[in-house]
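Okay, run-v5.cif is below, mmCIF, N, CA and C atoms and all ligand atoms:
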```
data_query
#
loop_
_atom_site.label_atom_id
_atom_site.label_comp_id
_atom_site.auth_asym_id
_atom_site.auth_seq_id
_atom_site.Cartn_x
_atom_site.Cartn_y
_atom_site.Cartn_z
N MET A 196 13.59 33.59 48.21
CA MET A 196 14.08 34.34 49.36
C MET A 196 15.00 33.41 50.16
N PRO A 197 16.18 33.92 50.44
CA PRO A 197 17.10 33.11 51.25
C PRO A 197 16.51 32.82 52.63
N ILE A 198 16.96 31.75 53.21
CA ILE A 198 16.39 31.30 54.48
C ILE A 198 16.53 32.33 55.58
N GLN A 199 17.67 33.02 55.65
CA GLN A 199 17.85 34.01 56.72
C GLN A 199 16.86 35.16 56.58
N GLU A 200 16.56 35.58 55.33
CA GLU A 200 15.59 36.66 55.12
C GLU A 200 14.19 36.20 55.55
N ARG A 201 13.87 34.94 55.28
CA ARG A 201 12.56 34.43 55.70
C ARG A 201 12.45 34.40 57.22
N ILE A 202 13.51 33.99 57.88
CA ILE A 202 13.50 33.96 59.35
C ILE A 202 13.36 35.39 59.89
N ASP A 203 14.09 36.32 59.30
CA ASP A 203 14.00 37.71 59.74
C ASP A 203 12.59 38.26 59.54
N SER A 204 11.99 37.95 58.40
CA SER A 204 10.64 38.48 58.16
C SER A 204 9.63 37.86 59.12
N VAL A 205 9.84 36.61 59.50
CA VAL A 205 8.95 35.98 60.48
C VAL A 205 9.12 36.64 61.84
N ASP A 206 10.36 36.95 62.19
CA ASP A 206 10.61 37.60 63.48
C ASP A 206 9.98 38.97 63.56
N ARG A 207 9.87 39.65 62.48
CA ARG A 207 9.31 41.01 62.50
C ARG A 207 7.80 41.00 62.71
N VAL A 208 7.16 39.93 62.33
CA VAL A 208 5.71 39.86 62.48
C VAL A 208 5.40 39.43 63.91
N ARG A 209 5.01 40.38 64.71
CA ARG A 209 4.71 40.10 66.11
C ARG A 209 3.20 39.98 66.34
N GLN A 210 2.46 40.70 65.56
CA GLN A 210 1.00 40.64 65.70
C GLN A 210 0.36 41.20 64.45
N TRP A 211 -0.85 40.87 64.26
CA TRP A 211 -1.65 41.49 63.21
C TRP A 211 -3.09 41.50 63.70
N THR A 212 -3.82 42.40 63.16
CA THR A 212 -5.23 42.49 63.54
C THR A 212 -6.08 42.04 62.37
N ASP A 213 -7.06 41.29 62.73
CA ASP A 213 -7.99 40.79 61.72
C ASP A 213 -9.19 40.24 62.47
N THR A 214 -10.11 39.78 61.77
CA THR A 214 -11.27 39.15 62.42
C THR A 214 -11.42 37.74 61.89
N ILE A 215 -11.96 36.91 62.72
CA ILE A 215 -12.27 35.55 62.31
C ILE A 215 -13.79 35.47 62.25
N PRO A 216 -14.34 35.28 61.08
CA PRO A 216 -15.81 35.27 60.95
C PRO A 216 -16.40 33.96 61.47
N LEU A 217 -16.73 33.97 62.74
CA LEU A 217 -17.34 32.78 63.34
C LEU A 217 -18.86 32.98 63.40
N LYS A 218 -19.53 32.09 62.82
CA LYS A 218 -21.00 32.11 62.89
C LYS A 218 -21.43 30.71 63.30
N TYR A 219 -22.34 30.66 64.23
CA TYR A 219 -22.81 29.37 64.67
C TYR A 219 -24.25 29.47 65.13
N VAL A 220 -24.87 28.36 65.12
CA VAL A 220 -26.22 28.24 65.65
C VAL A 220 -26.18 27.09 66.63
N TYR A 221 -26.52 27.39 67.86
CA TYR A 221 -26.56 26.34 68.87
C TYR A 221 -28.00 25.89 69.02
N THR A 222 -28.24 24.64 68.76
CA THR A 222 -29.61 24.15 68.87
C THR A 222 -29.78 23.39 70.18
N ALA A 223 -31.00 23.29 70.59
CA ALA A 223 -31.31 22.56 71.82
C ALA A 223 -31.42 21.08 71.57
N GLY A 224 -31.35 20.66 70.32
CA GLY A 224 -31.53 19.26 70.00
C GLY A 224 -33.00 18.93 69.89
N VAL A 225 -33.29 17.73 69.43
CA VAL A 225 -34.68 17.34 69.20
C VAL A 225 -35.48 17.35 70.51
N ALA A 226 -34.98 16.68 71.52
CA ALA A 226 -35.71 16.61 72.78
C ALA A 226 -35.77 17.98 73.44
N GLY A 227 -34.69 18.75 73.36
CA GLY A 227 -34.68 20.08 73.94
C GLY A 227 -35.68 21.00 73.25
N GLN A 228 -35.78 20.87 71.94
CA GLN A 228 -36.74 21.68 71.19
C GLN A 228 -38.16 21.36 71.63
N LEU A 229 -38.44 20.05 71.79
CA LEU A 229 -39.77 19.65 72.28
C LEU A 229 -40.03 20.21 73.67
N PHE A 230 -39.01 20.14 74.53
CA PHE A 230 -39.13 20.67 75.88
C PHE A 230 -39.55 22.15 75.85
N PHE A 231 -38.88 22.92 75.01
CA PHE A 231 -39.20 24.35 74.94
C PHE A 231 -40.57 24.60 74.32
N GLU A 232 -40.97 23.78 73.35
CA GLU A 232 -42.32 23.93 72.78
C GLU A 232 -43.38 23.65 73.83
N TRP A 233 -43.12 22.65 74.70
CA TRP A 233 -44.08 22.35 75.76
C TRP A 233 -44.12 23.48 76.79
N LEU A 234 -42.95 24.03 77.10
CA LEU A 234 -42.94 25.17 78.02
C LEU A 234 -43.78 26.30 77.47
N LYS A 235 -43.69 26.51 76.17
CA LYS A 235 -44.49 27.56 75.54
C LYS A 235 -45.98 27.31 75.73
N LYS A 236 -46.34 26.04 75.85
CA LYS A 236 -47.74 25.68 76.09
C LYS A 236 -48.07 25.62 77.58
N GLY A 237 -47.07 25.92 78.41
CA GLY A 237 -47.29 25.91 79.85
C GLY A 237 -47.22 24.52 80.45
N LYS A 238 -46.48 23.62 79.79
CA LYS A 238 -46.37 22.25 80.26
C LYS A 238 -44.92 21.88 80.53
N ILE A 239 -44.74 21.02 81.49
CA ILE A 239 -43.41 20.47 81.77
C ILE A 239 -43.45 19.00 81.40
N GLU A 240 -42.62 18.61 80.46
CA GLU A 240 -42.61 17.23 79.99
C GLU A 240 -41.19 16.67 80.05
N GLY A 241 -41.13 15.41 80.34
CA GLY A 241 -39.87 14.70 80.35
C GLY A 241 -39.92 13.57 79.33
N SER A 242 -38.81 12.91 79.14
CA SER A 242 -38.80 11.74 78.26
C SER A 242 -38.58 10.50 79.12
N ARG A 243 -39.14 9.40 78.66
CA ARG A 243 -39.09 8.18 79.45
C ARG A 243 -38.51 7.04 78.63
N CYS A 244 -37.50 6.41 79.19
CA CYS A 244 -36.93 5.22 78.56
C CYS A 244 -37.83 4.04 78.91
N ASP A 245 -38.42 3.44 77.89
CA ASP A 245 -39.32 2.32 78.13
C ASP A 245 -38.58 1.07 78.59
N THR A 246 -37.29 1.00 78.30
CA THR A 246 -36.50 -0.16 78.72
C THR A 246 -36.11 -0.06 80.19
N CYS A 247 -35.56 1.09 80.57
CA CYS A 247 -35.07 1.28 81.95
C CYS A 247 -36.17 1.79 82.88
N LYS A 248 -37.25 2.27 82.30
CA LYS A 248 -38.36 2.85 83.10
C LYS A 248 -37.89 4.08 83.88
N VAL A 249 -37.01 4.86 83.28
CA VAL A 249 -36.51 6.08 83.90
C VAL A 249 -37.03 7.27 83.10
N THR A 250 -37.51 8.30 83.82
CA THR A 250 -37.97 9.53 83.18
C THR A 250 -36.92 10.60 83.40
N TYR A 251 -36.61 11.35 82.35
CA TYR A 251 -35.57 12.36 82.40
C TYR A 251 -36.14 13.76 82.21
N LEU A 252 -35.63 14.69 82.97
CA LEU A 252 -35.99 16.09 82.82
C LEU A 252 -34.72 16.90 82.96
N PRO A 253 -34.36 17.73 81.99
CA PRO A 253 -35.00 17.90 80.70
C PRO A 253 -34.98 16.59 79.91
N PRO A 254 -35.91 16.48 78.96
CA PRO A 254 -36.00 15.23 78.20
C PRO A 254 -34.74 14.96 77.38
N ARG A 255 -34.50 13.70 77.17
CA ARG A 255 -33.35 13.25 76.37
C ARG A 255 -33.84 12.37 75.23
N MET A 256 -33.09 12.38 74.16
CA MET A 256 -33.45 11.52 73.04
C MET A 256 -32.84 10.13 73.19
N TYR A 257 -31.77 10.05 74.01
CA TYR A 257 -31.13 8.76 74.23
C TYR A 257 -30.97 8.54 75.73
N CYS A 258 -31.23 7.34 76.14
CA CYS A 258 -31.10 6.99 77.55
C CYS A 258 -29.61 6.82 77.88
N PRO A 259 -29.11 7.52 78.88
CA PRO A 259 -27.69 7.38 79.23
C PRO A 259 -27.37 6.06 79.93
N GLN A 260 -28.39 5.31 80.32
CA GLN A 260 -28.15 4.01 80.97
C GLN A 260 -28.03 2.88 79.96
N CYS A 261 -28.98 2.81 79.02
CA CYS A 261 -28.97 1.69 78.06
C CYS A 261 -28.59 2.13 76.65
N PHE A 262 -28.44 3.44 76.44
CA PHE A 262 -28.02 4.03 75.17
C PHE A 262 -29.04 3.81 74.04
N LEU A 263 -30.26 3.43 74.39
CA LEU A 263 -31.29 3.27 73.37
C LEU A 263 -32.01 4.60 73.16
N GLU A 264 -32.58 4.74 71.97
CA GLU A 264 -33.34 5.94 71.68
C GLU A 264 -34.61 5.96 72.52
N VAL A 265 -34.94 7.13 73.01
CA VAL A 265 -36.13 7.29 73.84
C VAL A 265 -37.27 7.79 72.96
N HIS A 266 -38.40 7.11 73.04
CA HIS A 266 -39.53 7.47 72.19
C HIS A 266 -40.72 7.99 72.97
N SER A 267 -40.69 7.87 74.28
CA SER A 267 -41.86 8.25 75.07
C SER A 267 -41.61 9.58 75.79
N PHE A 268 -42.62 10.40 75.76
CA PHE A 268 -42.58 11.66 76.48
C PHE A 268 -43.76 11.69 77.43
N VAL A 269 -43.51 12.20 78.62
CA VAL A 269 -44.57 12.17 79.64
C VAL A 269 -44.77 13.57 80.22
N HIS A 270 -46.02 13.89 80.43
CA HIS A 270 -46.38 15.15 81.07
C HIS A 270 -46.15 15.02 82.56
N LEU A 271 -45.48 15.99 83.15
CA LEU A 271 -45.22 15.97 84.59
C LEU A 271 -46.17 16.95 85.26
N ALA A 272 -46.73 16.53 86.35
CA ALA A 272 -47.58 17.44 87.12
C ALA A 272 -46.74 18.62 87.60
N ASN A 273 -47.32 19.78 87.57
CA ASN A 273 -46.59 20.99 87.97
C ASN A 273 -46.51 21.08 89.49
N LEU A 274 -45.86 20.11 90.07
CA LEU A 274 -45.65 20.12 91.51
C LEU A 274 -44.33 19.41 91.79
N GLY A 275 -43.31 20.21 92.05
CA GLY A 275 -41.99 19.66 92.32
C GLY A 275 -41.58 19.87 93.75
N LYS A 276 -40.34 19.54 94.01
CA LYS A 276 -39.80 19.66 95.36
C LYS A 276 -38.42 20.32 95.26
N VAL A 277 -38.14 21.24 96.17
CA VAL A 277 -36.85 21.92 96.18
C VAL A 277 -35.78 20.92 96.62
N ALA A 278 -34.83 20.67 95.71
CA ALA A 278 -33.75 19.73 96.02
C ALA A 278 -32.46 20.46 96.36
N ALA A 279 -32.35 21.71 95.94
CA ALA A 279 -31.16 22.51 96.25
C ALA A 279 -31.53 23.98 96.16
N LEU A 280 -30.86 24.78 96.96
CA LEU A 280 -31.11 26.22 96.98
C LEU A 280 -29.79 26.97 96.90
N THR A 281 -29.83 28.13 96.27
CA THR A 281 -28.68 29.02 96.28
C THR A 281 -29.20 30.44 96.16
N SER A 282 -28.35 31.40 96.44
CA SER A 282 -28.76 32.80 96.30
C SER A 282 -27.56 33.63 95.88
N LEU A 283 -27.88 34.79 95.33
CA LEU A 283 -26.83 35.74 94.95
C LEU A 283 -26.74 36.78 96.05
N GLY A 284 -26.06 36.47 97.11
CA GLY A 284 -25.94 37.40 98.24
C GLY A 284 -27.17 37.33 99.13
N ASP A 285 -27.10 38.05 100.25
CA ASP A 285 -28.20 38.01 101.20
C ASP A 285 -29.48 38.60 100.63
N ALA A 286 -29.36 39.68 99.88
CA ALA A 286 -30.55 40.35 99.35
C ALA A 286 -30.83 39.93 97.91
N GLY A 287 -29.96 39.13 97.33
CA GLY A 287 -30.13 38.75 95.92
C GLY A 287 -31.20 37.70 95.73
N PRO A 288 -31.54 37.45 94.47
CA PRO A 288 -32.57 36.45 94.19
C PRO A 288 -32.11 35.05 94.58
N LYS A 289 -33.08 34.25 94.92
CA LYS A 289 -32.79 32.85 95.25
C LYS A 289 -33.12 31.99 94.04
N TYR A 290 -32.37 30.92 93.93
CA TYR A 290 -32.60 29.96 92.86
C TYR A 290 -32.72 28.58 93.48
N ALA A 291 -33.57 27.79 92.87
CA ALA A 291 -33.80 26.43 93.38
C ALA A 291 -33.67 25.43 92.24
N PHE A 292 -33.15 24.28 92.59
CA PHE A 292 -33.19 23.15 91.67
C PHE A 292 -34.39 22.33 92.12
N VAL A 293 -35.38 22.28 91.26
CA VAL A 293 -36.64 21.63 91.60
C VAL A 293 -36.71 20.29 90.89
N THR A 294 -36.98 19.26 91.65
CA THR A 294 -37.10 17.92 91.09
C THR A 294 -38.54 17.45 91.18
N TYR A 295 -38.84 16.41 90.43
CA TYR A 295 -40.20 15.88 90.36
C TYR A 295 -40.17 14.40 90.72
N SER A 296 -41.21 13.98 91.35
CA SER A 296 -41.29 12.61 91.84
C SER A 296 -41.08 11.60 90.71
N GLY A 297 -40.17 10.67 90.90
CA GLY A 297 -39.94 9.62 89.92
C GLY A 297 -39.19 10.07 88.69
N VAL A 298 -38.60 11.26 88.74
CA VAL A 298 -37.93 11.82 87.57
C VAL A 298 -36.46 12.05 87.90
N ARG A 299 -35.61 11.73 86.96
CA ARG A 299 -34.18 11.99 87.11
C ARG A 299 -33.86 13.33 86.45
N GLY A 300 -33.35 14.27 87.25
CA GLY A 300 -33.06 15.61 86.74
C GLY A 300 -34.00 16.62 87.37
N GLY A 301 -34.15 17.76 86.76
CA GLY A 301 -35.02 18.79 87.30
C GLY A 301 -34.83 20.09 86.56
N ILE A 302 -35.32 21.16 87.17
CA ILE A 302 -35.24 22.49 86.58
C ILE A 302 -34.63 23.44 87.61
N LEU A 303 -33.65 24.21 87.17
CA LEU A 303 -33.04 25.25 88.00
C LEU A 303 -33.66 26.58 87.60
N HIS A 304 -34.24 27.27 88.58
CA HIS A 304 -34.89 28.54 88.25
C HIS A 304 -35.03 29.39 89.50
N ARG A 305 -35.45 30.61 89.30
CA ARG A 305 -35.64 31.57 90.38
C ARG A 305 -36.78 31.14 91.30
N VAL A 306 -36.66 31.52 92.56
CA VAL A 306 -37.69 31.24 93.54
C VAL A 306 -38.27 32.56 94.02
N PHE A 307 -39.57 32.62 94.19
CA PHE A 307 -40.23 33.86 94.58
C PHE A 307 -40.49 34.01 96.06
N SER A 308 -40.25 33.00 96.80
CA SER A 308 -40.62 33.07 98.20
C SER A 308 -39.38 33.05 99.09
N GLY A 309 -39.40 33.88 100.09
CA GLY A 309 -38.32 33.89 101.06
C GLY A 309 -38.36 32.67 101.97
N LYS A 310 -39.47 31.97 101.97
CA LYS A 310 -39.60 30.80 102.83
C LYS A 310 -39.15 29.51 102.14
N ALA A 311 -38.42 29.66 101.05
CA ALA A 311 -37.92 28.48 100.35
C ALA A 311 -36.99 27.70 101.25
N ARG A 312 -37.15 26.42 101.26
CA ARG A 312 -36.29 25.55 102.05
C ARG A 312 -36.19 24.20 101.34
N MET A 313 -35.19 23.46 101.72
CA MET A 313 -35.01 22.15 101.11
C MET A 313 -36.25 21.30 101.38
N GLY A 314 -36.71 20.62 100.35
CA GLY A 314 -37.85 19.74 100.50
C GLY A 314 -39.21 20.41 100.34
N ALA A 315 -39.23 21.75 100.23
CA ALA A 315 -40.51 22.46 100.08
C ALA A 315 -41.13 22.13 98.73
N LYS A 316 -42.44 22.14 98.68
CA LYS A 316 -43.15 21.92 97.42
C LYS A 316 -43.07 23.20 96.60
N ALA A 317 -42.90 23.04 95.29
CA ALA A 317 -42.72 24.18 94.40
C ALA A 317 -43.56 24.01 93.14
N VAL A 318 -44.15 25.10 92.71
CA VAL A 318 -44.96 25.11 91.49
C VAL A 318 -44.34 26.12 90.53
N ALA A 319 -44.17 25.71 89.28
CA ALA A 319 -43.64 26.62 88.27
C ALA A 319 -44.70 27.64 87.89
N ILE A 320 -44.29 28.90 87.86
CA ILE A 320 -45.19 29.97 87.44
C ILE A 320 -44.78 30.36 86.02
N PHE A 321 -45.73 30.25 85.10
CA PHE A 321 -45.47 30.56 83.70
C PHE A 321 -45.88 31.99 83.38
N LYS A 322 -45.20 32.56 82.38
CA LYS A 322 -45.62 33.86 81.86
C LYS A 322 -47.01 33.70 81.25
N PRO A 323 -47.71 34.80 81.04
CA PRO A 323 -48.96 34.70 80.29
C PRO A 323 -48.68 34.10 78.91
N GLU A 324 -49.61 33.32 78.39
CA GLU A 324 -49.40 32.57 77.16
C GLU A 324 -48.91 33.43 76.00
N ARG A 325 -49.44 34.62 75.85
CA ARG A 325 -49.06 35.48 74.71
C ARG A 325 -47.61 35.97 74.81
N GLU A 326 -47.02 35.88 75.99
CA GLU A 326 -45.64 36.36 76.18
C GLU A 326 -44.61 35.24 76.11
N ARG A 327 -45.05 34.00 76.00
CA ARG A 327 -44.11 32.88 75.96
C ARG A 327 -43.44 32.79 74.60
N ARG A 328 -42.15 32.43 74.63
CA ARG A 328 -41.36 32.37 73.39
C ARG A 328 -40.73 30.99 73.15
N GLY A 329 -41.01 30.05 74.01
CA GLY A 329 -40.39 28.73 73.84
C GLY A 329 -38.99 28.72 74.42
N SER A 330 -38.85 29.22 75.62
CA SER A 330 -37.55 29.21 76.29
C SER A 330 -37.75 28.91 77.77
N ILE A 331 -36.65 28.68 78.47
CA ILE A 331 -36.75 28.42 79.90
C ILE A 331 -37.32 29.63 80.62
N LEU A 332 -37.21 30.81 79.99
CA LEU A 332 -37.74 32.02 80.59
C LEU A 332 -39.25 32.13 80.44
N ASP A 333 -39.87 31.15 79.80
CA ASP A 333 -41.34 31.09 79.81
C ASP A 333 -41.82 30.76 81.22
N ILE A 334 -40.94 30.16 81.99
CA ILE A 334 -41.19 30.00 83.42
C ILE A 334 -40.63 31.25 84.09
N VAL A 335 -41.44 31.94 84.84
CA VAL A 335 -40.98 33.14 85.54
C VAL A 335 -40.18 32.74 86.77
N GLY A 336 -40.58 31.66 87.38
CA GLY A 336 -39.91 31.18 88.56
C GLY A 336 -40.78 30.16 89.27
N PHE A 337 -40.34 29.78 90.46
CA PHE A 337 -41.10 28.82 91.26
C PHE A 337 -41.74 29.49 92.45
N LYS A 338 -42.97 29.16 92.67
CA LYS A 338 -43.67 29.59 93.87
C LYS A 338 -43.57 28.45 94.88
N ILE A 339 -43.18 28.80 96.09
CA ILE A 339 -43.05 27.79 97.14
C ILE A 339 -44.39 27.67 97.85
N LEU A 340 -44.85 26.46 98.01
CA LEU A 340 -46.15 26.25 98.68
C LEU A 340 -45.97 26.06 100.16
ZN ZN B 1 -32.74 3.09 79.13
#
```
Show me, as structure tokens, the structure contained in the file I just sent.
Ligand SMILES: [Zn+2]
Amino acid sequence: MPIQERIDSVDRVRQWTDTIPLKYVYTAGVAGQLFFEWLKKGKIEGSRCDTCKVTYLPPRMYCPQCFLEVHSFVHLANLGKVAALTSLGDAGPKYAFVTYSGVRGGILHRVFSGKARMGAKAVAIFKPERERRGSILDIVGFKIL
């Protein structure tokens, strides 16, 4: 095909319809998977770098400070503190970022109490055991104490 015909044929193609078969599986990673398995059991666990003595929530497999693999996991008492609050409008649900003493990170989830305030103590409320699926939604939300 002469070059001008090829250019003309390219100019005529403005669009075409087709599909791109994209399939993917997004995993939570090793530490994330453990985190969700513990949630299914009604537990909140973090990972602890034995070198830096820092506990992370959600747990991590590698310490971002020293870049070493983390091998220790620790059970956290179900008593956190509201570190940040937000809401979806005046009448909308409130969400809190709840942190735990001595832990870097936290959990963002719904709050059930209108009296939520910064620094308030918060307890995670879990679904009944038979309804848990190993997801962050195994926590229904936080109750403010
Ligand atoms: Zn470390």
With DSSP run on the backbone, what are the strand (DSSP E or B) residues within chain A? I'd like them as number ranges by chain. A: 239-244, 249-252, 257, 264, 267-271, 275-282, 289-294, 298-300, 302-306, 316-321, 334-339
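Reported to one decimal place, the separation of CA of Arg255 in chain A from atom N of Phe268 in chain A is 9.7 Å.
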I'd like the interatomic distance between CA of Gln210 in chain A and atom N of Ile198 in chain A, to a tenth of an Å. 22.1 Å
Is there a way to get, as an mmCIF file with N, CA and C atoms, in the frame of the given file, all residues within 7 Å of the point (-35.5, 11.9, 82.9) in file coordinates, counting all atoms listed in the file?
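New file selection-v2.cif:
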```
data_model
loop_
_atom_site.group_PDB
_atom_site.id
_atom_site.type_symbol
_atom_site.label_atom_id
_atom_site.label_comp_id
_atom_site.auth_asym_id
_atom_site.auth_seq_id
_atom_site.Cartn_x
_atom_site.Cartn_y
_atom_site.Cartn_z
ATOM 1 N N GLY A 241 -41.130 15.410 80.340
ATOM 2 C CA GLY A 241 -39.870 14.700 80.350
ATOM 3 C C GLY A 241 -39.920 13.570 79.330
ATOM 4 N N SER A 242 -38.810 12.910 79.140
ATOM 5 C CA SER A 242 -38.800 11.740 78.260
ATOM 6 C C SER A 242 -38.580 10.500 79.120
ATOM 7 N N ARG A 243 -39.140 9.400 78.660
ATOM 8 C CA ARG A 243 -39.090 8.180 79.450
ATOM 9 C C ARG A 243 -38.510 7.040 78.630
ATOM 10 N N CYS A 244 -37.500 6.410 79.190
ATOM 11 C CA CYS A 244 -36.930 5.220 78.560
ATOM 12 C C CYS A 244 -37.830 4.040 78.910
ATOM 13 N N VAL A 249 -37.010 4.860 83.280
ATOM 14 C CA VAL A 249 -36.510 6.080 83.900
ATOM 15 C C VAL A 249 -37.030 7.270 83.100
ATOM 16 N N THR A 250 -37.510 8.300 83.820
ATOM 17 C CA THR A 250 -37.970 9.530 83.180
ATOM 18 C C THR A 250 -36.920 10.600 83.400
ATOM 19 N N TYR A 251 -36.610 11.350 82.350
ATOM 20 C CA TYR A 251 -35.570 12.360 82.400
ATOM 21 C C TYR A 251 -36.140 13.760 82.210
ATOM 22 N N LEU A 252 -35.630 14.690 82.970
ATOM 23 C CA LEU A 252 -35.990 16.090 82.820
ATOM 24 C C LEU A 252 -34.720 16.900 82.960
ATOM 25 N N PRO A 253 -34.360 17.730 81.990
ATOM 26 C CA PRO A 253 -35.000 17.900 80.700
ATOM 27 C C PRO A 253 -34.980 16.590 79.910
ATOM 28 N N PRO A 254 -35.910 16.480 78.960
ATOM 29 C CA PRO A 254 -36.000 15.230 78.200
ATOM 30 C C PRO A 254 -34.740 14.960 77.380
ATOM 31 N N ARG A 255 -34.500 13.700 77.170
ATOM 32 C CA ARG A 255 -33.350 13.250 76.370
ATOM 33 C C ARG A 255 -33.840 12.370 75.230
ATOM 34 N N VAL A 298 -38.600 11.260 88.740
ATOM 35 C CA VAL A 298 -37.930 11.820 87.570
ATOM 36 C C VAL A 298 -36.460 12.050 87.900
ATOM 37 N N ARG A 299 -35.610 11.730 86.960
ATOM 38 C CA ARG A 299 -34.180 11.990 87.110
ATOM 39 C C ARG A 299 -33.860 13.330 86.450
ATOM 40 N N GLY A 300 -33.350 14.270 87.250
ATOM 41 C CA GLY A 300 -33.060 15.610 86.740
ATOM 42 C C GLY A 300 -34.000 16.620 87.370
#
```
Which chain A residues have any atom within 6 Å of an atom of ligand ZN 1 (chain B), and for each, what is the nearest pair of atoms with distance in Å to one decimal, counting only C-alpha atoms and all ligand atoms, rows sorted by chain and number, as JSON lines?
```
{"residue": "A:Cys244", "atom": "CA", "partner": "B:ZN1", "partner_atom": "ZN", "distance": 4.7}
{"residue": "A:Thr246", "atom": "CA", "partner": "B:ZN1", "partner_atom": "ZN", "distance": 5.0}
{"residue": "A:Cys247", "atom": "CA", "partner": "B:ZN1", "partner_atom": "ZN", "distance": 4.1}
{"residue": "A:Cys258", "atom": "CA", "partner": "B:ZN1", "partner_atom": "ZN", "distance": 4.5}
{"residue": "A:Gln260", "atom": "CA", "partner": "B:ZN1", "partner_atom": "ZN", "distance": 5.0}
{"residue": "A:Cys261", "atom": "CA", "partner": "B:ZN1", "partner_atom": "ZN", "distance": 4.2}
{"residue": "A:Leu263", "atom": "CA", "partner": "B:ZN1", "partner_atom": "ZN", "distance": 5.9}
```
Could you check which of A:Arg327, A:Lys310, A:Lys316, A:Lys218 is closest to Val277 in chain A, using only C-alpha atoms?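 That would be A:Lys316, the residue with the smallest distance to Val277 in chain A.
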Find the residues of range 197-273 of chain A that sit at most 8 Å from range 333-337 of chain A; for each, write down the nearest two atoms and how far apart they are in Å, to one decimal. Count only N, CA and C atoms. Sort by chain, then by number going up, and give it as a Markdown table.
```
| residue | atom | partner | partner_atom | distance |
| --- | --- | --- | --- | --- |
| A:Leu234 | C | A:Asp333 | CA | 5.9 |
| A:Lys235 | N | A:Asp333 | CA | 6.3 |
| A:Gly237 | CA | A:Asp333 | C | 7.4 |
```
Ranking A:Ile239, A:Leu217, A:Ala291, A:Ala319 by minimum distance to Leu303 in chain A and counting only C-alpha atoms, which one comes first?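 Using only C-alpha atoms, the shortest distance to Leu303 in chain A belongs to A:Ala291.
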Residue among A:Ile331, A:Val265, A:Ala272, A:Ala278 lying closest to Phe230 in chain A, counting only C-alpha atoms: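 Ranked by minimum distance to Phe230 in chain A, first place goes to A:Ile331.
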Find the residue from A:Phe307, A:Ala315, A:Tyr290, A:Leu340 that sits nearest to Lys276 in chain A; use all atoms listed in the file when measuring.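 Closest to Lys276 in chain A of all the choices is A:Ala315.
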Give me, as a list in words, the residues of range 201-262 of chain A that a backbone DSSP run labels alpha helix (DSSP H).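 Those in range 201-262 of chain A that DSSP calls alpha helix (DSSP H) are Arg201, Ile202, Asp203, Ser204, Val205, Asp206, Arg207, Gly224, Val225, Ala226, Gly227, Gln228, Leu229, Phe230, Phe231, Glu232, Trp233, Leu234 and Lys235 of chain A.
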Could you pull the residues within 8 Å of Tyr295 in chain A, counting only C-alpha atoms, minus those fewer than 6 positions along the same chain, as a VMD selection string? chain A and resid 271 274 to 276 301
